[in-house]
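Shown next: run-v6.txt, containing compact mmCIF, C-alpha atoms.
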```txt
# COMPACT_ATOMS: atom_id res chain seq x y z
CA MET C 1 -57.63 -26.94 -49.99
CA LYS C 2 -54.10 -27.96 -50.63
CA PRO C 3 -53.53 -31.61 -51.55
CA ILE C 4 -51.41 -33.49 -49.05
CA ASP C 5 -47.87 -33.97 -50.25
CA PRO C 6 -47.05 -37.73 -50.32
CA GLN C 7 -43.44 -36.82 -49.44
CA PHE C 8 -44.69 -35.53 -46.07
CA PHE C 9 -45.50 -39.01 -44.80
CA THR C 10 -42.16 -40.41 -45.95
CA GLN C 11 -40.26 -37.70 -44.13
CA ALA C 12 -42.35 -38.05 -40.97
CA THR C 13 -41.86 -41.79 -40.70
CA ALA C 14 -38.20 -41.50 -41.60
CA SER C 15 -37.52 -39.57 -38.36
CA LEU C 16 -39.01 -42.46 -36.39
CA ASN C 17 -36.60 -44.85 -38.07
CA PRO C 18 -35.03 -47.05 -35.33
CA GLN C 19 -31.60 -46.75 -36.96
CA GLN C 20 -31.55 -42.99 -36.53
CA THR C 21 -32.76 -43.03 -32.91
CA GLN C 22 -29.86 -45.26 -31.95
CA GLN C 23 -27.42 -42.63 -33.19
CA ASN C 24 -29.06 -39.96 -31.00
CA GLN C 25 -28.97 -42.07 -27.83
CA VAL C 26 -26.63 -41.11 -25.00
CA THR C 27 -25.14 -43.93 -23.00
CA ALA C 28 -24.65 -43.97 -19.24
CA SER C 29 -20.85 -44.08 -19.59
CA ASP C 30 -20.97 -40.87 -21.64
CA VAL C 31 -22.80 -39.14 -18.81
CA GLN C 32 -20.31 -40.43 -16.26
CA GLN C 33 -17.37 -39.31 -18.38
CA GLY C 34 -18.91 -35.87 -18.86
CA PHE C 35 -19.42 -35.31 -15.15
CA ALA C 36 -15.97 -36.61 -14.24
CA ASN C 37 -14.43 -34.16 -16.70
CA GLU C 38 -16.45 -31.32 -15.23
CA LEU C 39 -15.30 -32.20 -11.72
CA LYS C 40 -11.68 -32.41 -12.87
CA ASN C 41 -11.98 -29.02 -14.56
CA ALA C 42 -13.51 -27.55 -11.42
CA ILE C 43 -10.66 -28.84 -9.25
CA ASN C 44 -8.08 -27.47 -11.68
CA LYS C 45 -9.80 -24.10 -11.62
CA VAL C 46 -9.85 -24.13 -7.83
CA ASN C 47 -6.12 -24.84 -7.76
CA SER C 48 -5.18 -22.09 -10.19
CA ALA C 49 -7.48 -19.60 -8.47
CA GLN C 50 -5.97 -20.45 -5.08
CA GLN C 51 -2.46 -20.07 -6.46
CA ALA C 52 -3.26 -16.71 -8.02
CA SER C 53 -4.78 -15.52 -4.75
CA ASN C 54 -1.77 -16.75 -2.76
CA GLN C 55 0.55 -14.89 -5.12
CA GLN C 56 -1.37 -11.64 -4.63
CA THR C 57 -1.53 -12.10 -0.86
CA ASN C 58 2.21 -12.75 -0.61
CA ALA C 59 2.83 -9.59 -2.63
CA LEU C 60 0.59 -7.71 -0.20
CA VAL C 61 2.54 -8.99 2.82
CA ASN C 62 5.84 -7.94 1.22
CA GLY C 63 4.50 -4.51 0.30
CA GLU C 64 4.69 -5.18 -3.44
CA ALA C 65 0.98 -5.32 -4.23
CA ASP C 66 -0.24 -2.94 -6.90
CA ASN C 67 -3.81 -2.49 -5.75
CA LEU C 68 -5.64 -3.57 -2.67
CA HIS C 69 -8.89 -4.24 -4.53
CA ASN C 70 -7.14 -6.67 -6.89
CA VAL C 71 -5.91 -8.68 -3.91
CA MET C 72 -9.40 -8.79 -2.40
CA ILE C 73 -11.03 -9.71 -5.71
CA ALA C 74 -8.55 -12.53 -6.35
CA ALA C 75 -9.22 -13.84 -2.85
CA GLU C 76 -12.96 -13.71 -3.36
CA LYS C 77 -12.69 -15.49 -6.72
CA ALA C 78 -10.67 -18.27 -5.12
CA SER C 79 -13.19 -18.59 -2.30
CA VAL C 80 -16.20 -18.73 -4.63
CA THR C 81 -14.47 -21.26 -6.91
CA LEU C 82 -13.69 -23.44 -3.92
CA GLN C 83 -17.28 -23.29 -2.68
CA THR C 84 -18.59 -24.14 -6.15
CA ALA C 85 -16.33 -27.17 -6.42
CA THR C 86 -17.31 -28.29 -2.92
CA GLU C 87 -21.00 -28.01 -3.81
CA MET C 88 -20.45 -30.00 -7.01
CA GLN C 89 -18.74 -32.70 -4.97
CA ASN C 90 -21.62 -32.69 -2.50
CA LYS C 91 -24.16 -33.06 -5.29
CA ALA C 92 -22.21 -35.96 -6.79
CA VAL C 93 -22.06 -37.72 -3.43
CA ASP C 94 -25.78 -37.12 -2.84
CA ALA C 95 -26.64 -38.49 -6.27
CA TYR C 96 -24.54 -41.60 -5.58
CA ASN C 97 -26.21 -42.12 -2.22
CA LYS C 98 -29.65 -41.75 -3.77
CA VAL C 99 -28.88 -44.34 -6.41
CA MET C 100 -27.47 -46.77 -3.85
CA ARG C 101 -30.59 -46.40 -1.69
CA MET C 102 -32.88 -47.34 -4.58
CA GLN C 103 -34.73 -50.54 -4.03
CA LEU C 104 -34.47 -52.81 -7.04
CA MET I 1 -0.39 -33.25 7.76
CA ASN I 2 0.24 -29.65 6.81
CA LEU I 3 -3.05 -27.78 6.87
CA PHE I 4 -1.57 -24.29 6.78
CA GLY I 5 0.66 -23.44 3.87
CA GLN I 6 3.34 -20.89 3.18
CA THR I 7 0.85 -18.07 2.63
CA ILE I 8 -0.61 -18.33 6.11
CA SER I 9 2.81 -18.30 7.74
CA ASN I 10 3.74 -15.28 5.59
CA LEU I 11 0.61 -13.56 6.81
CA GLU I 12 1.53 -14.37 10.41
CA GLN I 13 4.99 -12.85 9.93
CA GLY I 14 3.44 -9.78 8.36
CA LEU I 15 1.05 -9.38 11.30
CA ASN I 16 3.94 -9.70 13.78
CA TYR I 17 5.88 -7.04 11.88
CA SER I 18 2.85 -4.76 11.79
CA SER I 19 2.30 -5.10 15.52
CA VAL I 20 5.92 -4.26 16.36
CA LYS I 21 5.79 -1.33 13.94
CA ASN I 22 2.66 0.01 15.64
CA GLN I 23 4.44 0.06 18.98
CA THR I 24 7.46 1.78 17.44
CA ILE I 25 5.36 4.48 15.79
CA GLY I 26 3.43 5.05 19.03
CA ASN I 27 6.71 5.52 20.85
CA ASN I 28 7.95 7.94 18.20
CA ILE I 29 4.80 10.03 18.50
CA ALA I 30 5.05 10.04 22.28
CA ASN I 31 8.59 11.40 21.99
CA VAL I 32 7.80 14.06 19.44
CA ASP I 33 9.46 16.81 21.49
CA THR I 34 12.04 14.93 23.50
CA PRO I 35 15.45 16.54 22.98
CA GLY I 36 17.93 14.26 21.26
CA TYR I 37 15.41 11.52 20.47
CA LYS I 38 15.93 9.73 17.16
CA ALA I 39 12.85 8.38 15.37
CA LYS I 40 12.88 4.58 15.06
CA ASP I 41 11.72 2.26 12.30
CA VAL I 42 11.23 -1.52 12.00
CA SER I 43 12.71 -3.67 9.24
CA PHE I 44 12.95 -7.38 8.56
CA LYS I 45 16.36 -8.60 9.62
CA ASP I 46 18.08 -10.33 6.67
CA HIS I 47 14.97 -12.17 5.58
CA LEU I 48 16.36 -15.65 5.05
CA ASN I 49 14.12 -17.91 3.04
CA ALA I 50 13.80 -20.58 5.70
CA ALA I 51 12.68 -23.27 3.28
CA SER I 52 15.71 -23.14 0.99
CA PHE I 53 18.50 -22.22 3.40
CA ASP I 54 19.91 -25.12 5.34
CA ALA I 55 23.38 -24.95 6.83
CA ARG I 56 25.68 -27.85 6.15
CA GLN I 57 26.49 -29.30 9.52
CA THR I 58 30.07 -30.56 9.60
CA ASN I 59 29.70 -31.52 13.24
CA GLN I 60 26.58 -32.90 14.80
CA ARG I 61 26.75 -30.43 17.63
CA HIS I 62 26.51 -27.49 15.21
CA ILE I 63 23.16 -25.71 15.26
CA SER I 64 21.14 -25.98 12.09
CA PHE I 65 19.98 -22.75 10.46
CA SER I 66 16.83 -24.08 8.91
CA GLY I 67 13.49 -23.11 10.35
CA GLN I 68 14.80 -19.82 11.69
CA GLU I 69 12.09 -17.20 11.77
CA PRO I 70 12.96 -13.76 10.41
CA SER I 71 13.14 -11.32 13.28
CA PHE I 72 12.74 -7.59 13.27
CA ASN I 73 15.39 -4.97 13.50
CA ILE I 74 14.41 -1.74 15.24
CA SER I 75 16.83 1.01 14.30
CA ALA I 76 16.92 4.74 13.77
CA ARG I 77 15.09 6.01 10.71
CA GLN I 78 17.53 6.72 7.90
CA ASP I 79 16.14 9.73 6.07
CA ALA I 80 15.27 11.86 9.09
CA THR I 81 15.94 15.55 9.44
CA TYR I 82 16.86 16.95 12.80
CA ASN I 83 15.43 20.08 14.34
CA HIS I 84 17.13 22.43 16.75
CA ASN I 85 17.00 20.21 19.85
CA GLY I 86 18.28 17.05 18.14
CA ASN I 87 14.83 15.49 17.82
CA SER I 88 14.28 13.74 14.50
CA VAL I 89 10.57 12.88 14.72
CA ASP I 90 8.52 14.19 11.79
CA ILE I 91 4.98 14.16 13.17
CA ASP I 92 3.34 14.11 9.72
CA LYS I 93 5.40 11.16 8.60
CA GLU I 94 4.63 9.30 11.81
CA MET I 95 0.90 9.94 11.48
CA SER I 96 0.84 8.75 7.88
CA GLU I 97 2.93 5.69 8.81
CA LEU I 98 0.36 5.01 11.52
CA ALA I 99 -2.50 5.18 9.00
CA LYS I 100 -0.64 2.97 6.54
CA ASN I 101 0.21 0.44 9.20
CA GLN I 102 -3.40 0.27 10.36
CA MET I 103 -4.48 -0.36 6.79
CA TYR I 104 -1.79 -3.03 6.36
CA TYR I 105 -2.84 -4.78 9.57
CA GLN I 106 -6.51 -4.79 8.62
CA ALA I 107 -5.78 -6.05 5.12
CA LEU I 108 -3.68 -8.90 6.48
CA THR I 109 -6.34 -9.76 9.07
CA GLU I 110 -9.00 -9.88 6.34
CA ARG I 111 -6.82 -12.15 4.26
CA ILE I 112 -5.98 -14.54 7.05
CA ASN I 113 -9.69 -14.76 7.98
CA GLY I 114 -10.42 -15.58 4.37
CA LYS I 115 -7.77 -18.30 4.27
CA PHE I 116 -9.07 -19.92 7.44
CA SER I 117 -12.66 -19.90 6.25
CA SER I 118 -11.55 -21.47 2.95
CA ILE I 119 -9.85 -24.25 4.88
CA LYS I 120 -13.02 -24.76 6.91
CA THR I 121 -15.09 -24.95 3.73
CA ALA I 122 -12.80 -27.55 2.25
CA VAL I 123 -12.70 -29.59 5.46
CA GLY I 124 -16.42 -29.33 6.22
CA GLY I 125 -17.64 -30.43 2.81
CA ARG I 126 -21.31 -29.73 3.22
CA MET H 1 4.85 0.50 -6.68
CA SER H 2 2.73 -0.33 -3.67
CA ILE H 3 -0.82 0.19 -2.53
CA PHE H 4 0.34 3.09 -0.38
CA ASP H 5 1.72 5.29 -3.18
CA GLY H 6 -1.15 7.76 -2.96
CA LEU H 7 -0.83 8.01 0.80
CA ASN H 8 2.94 8.52 0.50
CA ALA H 9 2.48 11.37 -1.95
CA ASN H 10 0.08 13.20 0.36
CA ALA H 11 2.29 12.52 3.37
CA SER H 12 5.27 14.03 1.56
CA ALA H 13 3.20 17.13 0.92
CA LEU H 14 2.29 17.34 4.61
CA THR H 15 5.95 17.30 5.54
CA ALA H 16 6.80 19.89 2.90
CA ASN H 17 4.00 22.19 4.04
CA ARG H 18 5.05 21.93 7.65
CA PHE H 19 8.58 22.85 6.61
CA LYS H 20 7.27 25.86 4.69
CA MET H 21 5.28 26.90 7.74
CA ASP H 22 8.46 26.77 9.81
CA VAL H 23 10.19 29.02 7.31
CA VAL H 24 7.26 31.46 7.25
CA SER H 25 7.27 31.52 11.06
CA SER H 26 10.98 32.23 11.05
CA ASN H 27 10.50 35.07 8.56
CA ILE H 28 7.71 36.63 10.59
CA ALA H 29 9.59 36.25 13.86
CA ASN H 30 12.69 37.89 12.40
CA ALA H 31 10.88 40.69 10.60
CA ASN H 32 12.67 43.25 12.71
CA THR H 33 16.01 41.54 13.36
CA THR H 34 18.74 43.97 12.41
CA ARG H 35 21.59 41.81 13.70
CA ALA H 36 21.13 38.39 12.17
CA GLU H 37 24.73 37.51 11.37
CA GLN H 38 28.13 39.06 10.94
CA ASN H 39 29.75 39.40 7.56
CA GLU H 40 33.52 39.33 6.81
CA ASP H 41 34.08 42.91 8.00
CA GLY H 42 32.58 42.14 11.39
CA GLU H 43 29.52 44.25 10.68
CA TRP H 44 26.07 43.06 11.56
CA VAL H 45 23.86 42.18 8.60
CA PRO H 46 20.07 42.15 8.96
CA TYR H 47 17.98 39.01 8.55
CA ARG H 48 17.38 38.03 4.94
CA ARG H 49 13.97 36.66 4.05
CA LYS H 50 14.08 32.93 3.30
CA ILE H 51 12.31 31.41 0.31
CA VAL H 52 11.51 27.72 -0.01
CA SER H 53 11.46 26.04 -3.39
CA GLN H 54 9.86 22.64 -3.86
CA GLU H 55 9.89 20.18 -6.70
CA SER H 56 7.89 17.16 -7.76
CA ARG H 57 9.24 13.85 -6.57
CA GLY H 58 8.19 11.80 -9.59
CA ALA H 59 11.40 12.26 -11.56
CA SER H 60 12.84 8.81 -10.94
CA PHE H 61 14.56 6.48 -13.37
CA ASP H 62 11.43 4.38 -13.57
CA SER H 63 9.33 7.28 -14.86
CA PHE H 64 11.94 8.20 -17.51
CA LEU H 65 12.05 4.60 -18.65
CA GLN H 66 8.28 4.39 -18.91
CA LYS H 67 8.10 7.63 -20.86
CA SER H 68 10.79 6.63 -23.34
CA LEU H 69 9.10 3.30 -23.93
CA GLY H 70 5.95 5.18 -24.87
CA ARG H 71 3.95 3.81 -21.98
CA SER H 72 1.99 6.05 -19.71
CA ASP H 73 3.86 7.73 -16.90
CA ASN H 74 3.26 6.74 -13.31
CA PRO H 75 1.28 9.16 -11.13
CA GLY H 76 4.39 10.45 -9.38
CA GLN H 77 5.44 10.23 -5.77
CA GLY H 78 4.63 13.59 -4.27
CA VAL H 79 6.72 16.60 -3.47
CA ARG H 80 10.02 17.38 -1.83
CA ILE H 81 11.72 20.55 -0.71
CA ASN H 82 14.39 21.52 -3.21
CA SER H 83 16.24 24.27 -1.39
CA VAL H 84 15.90 27.10 1.05
CA GLU H 85 17.36 30.25 -0.44
CA GLU H 86 17.68 33.80 0.73
CA ASP H 87 15.70 36.48 -1.00
CA GLN H 88 18.24 38.77 -2.65
CA SER H 89 15.96 41.80 -2.87
CA PRO H 90 17.41 44.86 -1.14
CA PHE H 91 16.94 45.60 2.53
CA LYS H 92 14.41 48.19 3.62
CA GLN H 93 15.86 51.53 4.69
CA VAL H 94 14.09 53.05 7.66
CA TYR H 95 14.97 56.46 9.01
CA GLN H 96 15.63 56.04 12.72
CA PRO H 97 18.70 57.97 13.91
CA SER H 98 18.33 56.86 17.54
CA HIS H 99 18.62 53.18 16.62
CA PRO H 100 21.94 51.57 17.70
CA ASP H 101 22.38 50.15 14.19
CA ALA H 102 21.74 53.38 12.32
CA ASN H 103 24.41 54.43 9.81
CA GLU H 104 25.87 57.96 9.48
CA ASP H 105 22.77 59.22 7.65
CA GLY H 106 20.46 57.86 10.33
CA TYR H 107 19.08 55.03 8.23
CA VAL H 108 18.68 51.54 9.62
CA GLN H 109 18.68 48.54 7.30
CA MET H 110 15.67 46.39 8.16
CA PRO H 111 15.04 42.84 6.92
CA ASN H 112 13.38 42.52 3.54
CA VAL H 113 10.39 40.70 5.09
CA ASP H 114 6.94 41.94 4.13
CA PRO H 115 4.49 40.76 6.84
CA LEU H 116 1.53 40.84 4.45
CA GLU H 117 3.30 38.61 1.96
CA GLU H 118 4.20 36.22 4.77
CA MET H 119 0.58 36.12 5.94
CA LEU H 120 -0.53 35.19 2.40
CA GLU H 121 2.08 32.45 2.31
CA LEU H 122 0.89 31.26 5.72
CA MET H 123 -2.73 31.02 4.63
CA SER H 124 -1.92 29.25 1.38
CA THR H 125 0.36 26.76 3.15
CA SER H 126 -2.29 26.11 5.75
CA ARG H 127 -4.97 25.48 3.10
CA SER H 128 -2.61 23.22 1.21
CA TYR H 129 -1.99 21.22 4.40
CA GLU H 130 -5.72 20.80 4.95
CA ALA H 131 -6.28 19.76 1.33
CA ASN H 132 -3.59 17.09 1.66
CA VAL H 133 -5.10 15.78 4.86
CA THR H 134 -8.46 15.50 3.06
CA ALA H 135 -6.86 13.67 0.14
CA LEU H 136 -5.07 11.30 2.48
CA ASN H 137 -8.28 10.51 4.32
CA ALA H 138 -10.03 9.91 1.01
CA SER H 139 -7.32 7.42 -0.04
CA LYS H 140 -7.61 5.67 3.30
CA GLY H 141 -11.41 5.53 2.95
CA MET H 142 -11.11 3.91 -0.46
CA MET H 143 -8.79 1.26 0.87
CA MET H 144 -11.10 0.50 3.79
CA LYS H 145 -13.90 -0.01 1.29
CA ALA H 146 -11.68 -2.32 -0.75
CA LEU H 147 -11.22 -4.46 2.35
CA GLU H 148 -14.98 -5.01 2.42
CA ILE H 149 -15.01 -6.76 -0.96
CA GLY H 150 -16.67 -10.10 -0.50
CA ARG H 151 -17.49 -9.54 3.17
```
Spit out the file's structure as structure tokens when you get a sec.
Amino acid sequence: MKPIDPQFFTQATASLNPQQTQQNQVTASDVQQGFANELKNAINKVNSAQQASNQQTNALVNGEADNLHNVMIAAEKASVTLQTATEMQNKAVDAYNKVMRMQL
Amino acid sequence: MNLFGQTISNLEQGLNYSSVKNQTIGNNIANVDTPGYKAKDVSFKDHLNAASFDARQTNQRHISFSGQEPSFNISARQDATYNHNGNSVDIDKEMSELAKNQMYYQALTERINGKFSSIKTAVGGR
Amino acid sequence: MSIFDGLNANASALTANRFKMDVVSSNIANANTTRAEQNEDGEWVPYRRKIVSQESRGASFDSFLQKSLGRSDNPGQGVRINSVEEDQSPFKQVYQPSHPDANEDGYVQMPNVDPLEEMLELMSTSRSYEANVTALNASKGMMMKALEIGR
């Protein structure tokens, strides 16, 4: 039977050191900032996707489009991006409502 | 509040053009053996960019040019060949123009449906 | 370049084939015409067989530019009729002394149209027309499918 290494206990208790746990903690403002950034990114993506799709559609109307499938794919990308952003917004609003309804 | 942007109005113009072109092609096909008939084609008449072109009105009673919608010019087809009775309708060209125009119309209809449903998604939220 | 380039190419071929058919029909119809036109001496000359030559339509400035830049060439824009020329092979000499156009030896100059050759040309033109219609329908089918993306 192998003797227990005394270093083992030191290392184990060191991970429970309160100083270290504080560094790993995530604050509420970090979470808020993260989600706000995600929402901003999503809206930017929606805008650029919509613009790209509009460009392709205008080219189609003027007879300058290269390929019909590219126009349809760009349109579908814009539509899916918009729906994703809308869903994210819905989820954010739902989460807010849930928090506000909490009885404290 | 402007719900419908430039793209949707472009699509509307394109659909108008396609509809007029369909009538013109149908008329050409109907007159495929009429003596002296010249095949007709539709083109945008001097497509002025309505947003950027605004006439300077020196007198208030002058009519402003802005907001003028591009209209269509129906004229004889340029590159037509004439057969012995003066008829210039090439039935193959007309049939292929018909197929192309149908495709164009359906593509534009698909796109405008897509734009409207996007607007509804954005307005509806959930 | 537009989405309809493929359709345009096939449509140009349909027009060219119809034109060739017209020429073949004219050749067959005039296979026995001994008095087609008058030459300078006022004599009647028989009908000369007409030959159609066609060329590819892709030789535009854009395709030369693309080739010289080392990029791949565009697919081309179909076909066009180059010229309609008269076949310069000699007329057929048929011995028919009772014919009003017979010369002193009793020979009549008949058009240099060979009906069998014209029939071959007719069949090949007809098949080519059908093939182009099939190709055009295939292009149209592909575009209809493209419209269903995301539906």
How many Å separate atom CA of Glu85 of chain H from atom CA of Glu43 of chain H?
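One can read the atom CA of Glu85 of chain H to atom CA of Glu43 of chain H distance as 21.6 Å.
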Any idea what's packed within 9 Å of Asn8 of chain H, counting all atoms listed in the file, ignoring anything in its chain fewer than 6 positions away? Could you give it as a list in words?
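Near neighbours after the sequence-gap exclusion: Lys93, Ser96, Glu97 and Lys100 of chain I; Gln77, Gly78 and Leu136 of chain H.
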Set out as JSON lines a contact list for chain C and chain H with a cut-off of 6 Å, giving each residue of chain C that qualifies its closest atom pair and distance in Å to one decimal, counting all atoms listed in the file, ordered by chain and rising residue number.
```
{"residue": "C:Glu64", "atom": "CA", "partner": "H:Ser2", "partner_atom": "CA", "distance": 5.2}
{"residue": "C:Ala65", "atom": "CA", "partner": "H:Ser2", "partner_atom": "CA", "distance": 5.3}
{"residue": "C:Asp66", "atom": "CA", "partner": "H:Ser2", "partner_atom": "CA", "distance": 5.1}
{"residue": "C:Asn67", "atom": "CA", "partner": "H:Ile3", "partner_atom": "CA", "distance": 5.1}
{"residue": "C:His69", "atom": "CA", "partner": "H:Ala146", "partner_atom": "CA", "distance": 5.1}
{"residue": "C:Glu76", "atom": "CA", "partner": "H:Gly150", "partner_atom": "CA", "distance": 5.9}
```
Contact set, chain C to chain I: 7 Å, all atoms listed in the file, as a list of chain:residue names:
C:Asn54, C:Asn58, C:Val61, C:Ser79, C:Gln83, C:Thr86, C:Asn90
Taking all atoms listed in the file into account, which of C:Thr10, C:Gln51, C:Thr57, C:Gln33 comes nearest Ser9 of chain I?
C:Thr57
Please list as an MDAnalysis selection string every residue within 7 Å of Ser139 of chain H, counting all atoms listed in the file and excluding residues in the same chain fewer than 4 positions away.
chainID H and resid 6:7 135 143
Can you measure atom CA of Lys40 of chain I to atom CA of Arg77 of chain I for me? One decimal in Å is fine.
5.1 Å
Using only C-alpha atoms, can you list as a PDB file with C-alpha atoms, in the frame of the given file the residues within 10 Å of (6.2, 1.4, 14.8)?
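Final output, part.pdb:
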```pdb
ATOM      1  CA  TYR I  17       5.880  -7.040  11.880  1.00  0.00           C
ATOM      2  CA  SER I  18       2.850  -4.760  11.790  1.00  0.00           C
ATOM      3  CA  SER I  19       2.300  -5.100  15.520  1.00  0.00           C
ATOM      4  CA  VAL I  20       5.920  -4.260  16.360  1.00  0.00           C
ATOM      5  CA  LYS I  21       5.790  -1.330  13.940  1.00  0.00           C
ATOM      6  CA  ASN I  22       2.660   0.010  15.640  1.00  0.00           C
ATOM      7  CA  GLN I  23       4.440   0.060  18.980  1.00  0.00           C
ATOM      8  CA  THR I  24       7.460   1.780  17.440  1.00  0.00           C
ATOM      9  CA  ILE I  25       5.360   4.480  15.790  1.00  0.00           C
ATOM     10  CA  GLY I  26       3.430   5.050  19.030  1.00  0.00           C
ATOM     11  CA  ASN I  27       6.710   5.520  20.850  1.00  0.00           C
ATOM     12  CA  ASN I  28       7.950   7.940  18.200  1.00  0.00           C
ATOM     13  CA  ILE I  29       4.800  10.030  18.500  1.00  0.00           C
ATOM     14  CA  ALA I  39      12.850   8.380  15.370  1.00  0.00           C
ATOM     15  CA  LYS I  40      12.880   4.580  15.060  1.00  0.00           C
ATOM     16  CA  ASP I  41      11.720   2.260  12.300  1.00  0.00           C
ATOM     17  CA  VAL I  42      11.230  -1.520  12.000  1.00  0.00           C
ATOM     18  CA  SER I  43      12.710  -3.670   9.240  1.00  0.00           C
ATOM     19  CA  ILE I  74      14.410  -1.740  15.240  1.00  0.00           C
ATOM     20  CA  GLU I  94       4.630   9.300  11.810  1.00  0.00           C
ATOM     21  CA  GLU I  97       2.930   5.690   8.810  1.00  0.00           C
ATOM     22  CA  LEU I  98       0.360   5.010  11.520  1.00  0.00           C
ATOM     23  CA  ASN I 101       0.210   0.440   9.200  1.00  0.00           C
TER      24      ASN I 101
END
```
Distance criterion (all atoms listed in the file): nearest to chain H out of I:Tyr37, I:Thr109, I:Ser75, I:Lys120
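Between I:Tyr37, I:Thr109, I:Ser75, I:Lys120, the residue approaching chain H most closely is I:Thr109.
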Atomic separation - atom CA of Asp22 of chain H relative to atom CA of Glu117 of chain H, Å:
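We find that atom CA of Glu117 of chain H and atom CA of Asp22 of chain H lie 15.1 Å from each other.
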At a cut-off of 12 Å, using all atoms listed in the file, what residues contact Gln96 of chain H? Leave out same-chain residues fewer than 3 positions from it and give the result as an MDAnalysis selection string.
chainID H and resid 93 99:110
Kindly indicate which residue among H:Val84, H:Leu14, H:Ile51, H:Val79 lies nearest to Ala131 of chain H, using only C-alpha atoms for the distances.
H:Leu14
As a ChimeraX atom specification, please: the residues near Ser126 of chain H (cut-off 12 Å, only C-alpha atoms, same-chain neighbours under 2 positions excluded).
/H:13-14,16-22,24,119-124,128-133
Nearest to chain H among I:Phe44, I:Pro35, I:Thr81, I:Asp92, with distances taken over only C-alpha atoms: which residue is it?
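Among I:Phe44, I:Pro35, I:Thr81, I:Asp92, it is I:Asp92 that comes nearest to chain H.
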Selection near Glu55 of chain H, 7 Å with all atoms listed in the file, sequence-local residues under 6 positions removed, as a list in words
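So the residues in contact are Val79, Arg80, Ile81 and Asn82 of chain H.
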Which is closest to chain H among I:Asn16, I:Asn85, I:Gln78, I:Gln106, if we use only C-alpha atoms?
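Closest to chain H, using only C-alpha atoms: I:Gln106.
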With all atoms listed in the file as the basis for distance, which of H:Asn137, H:Lys67, H:Ser25, H:Leu116 is at the shortest distance from chain I?
H:Asn137
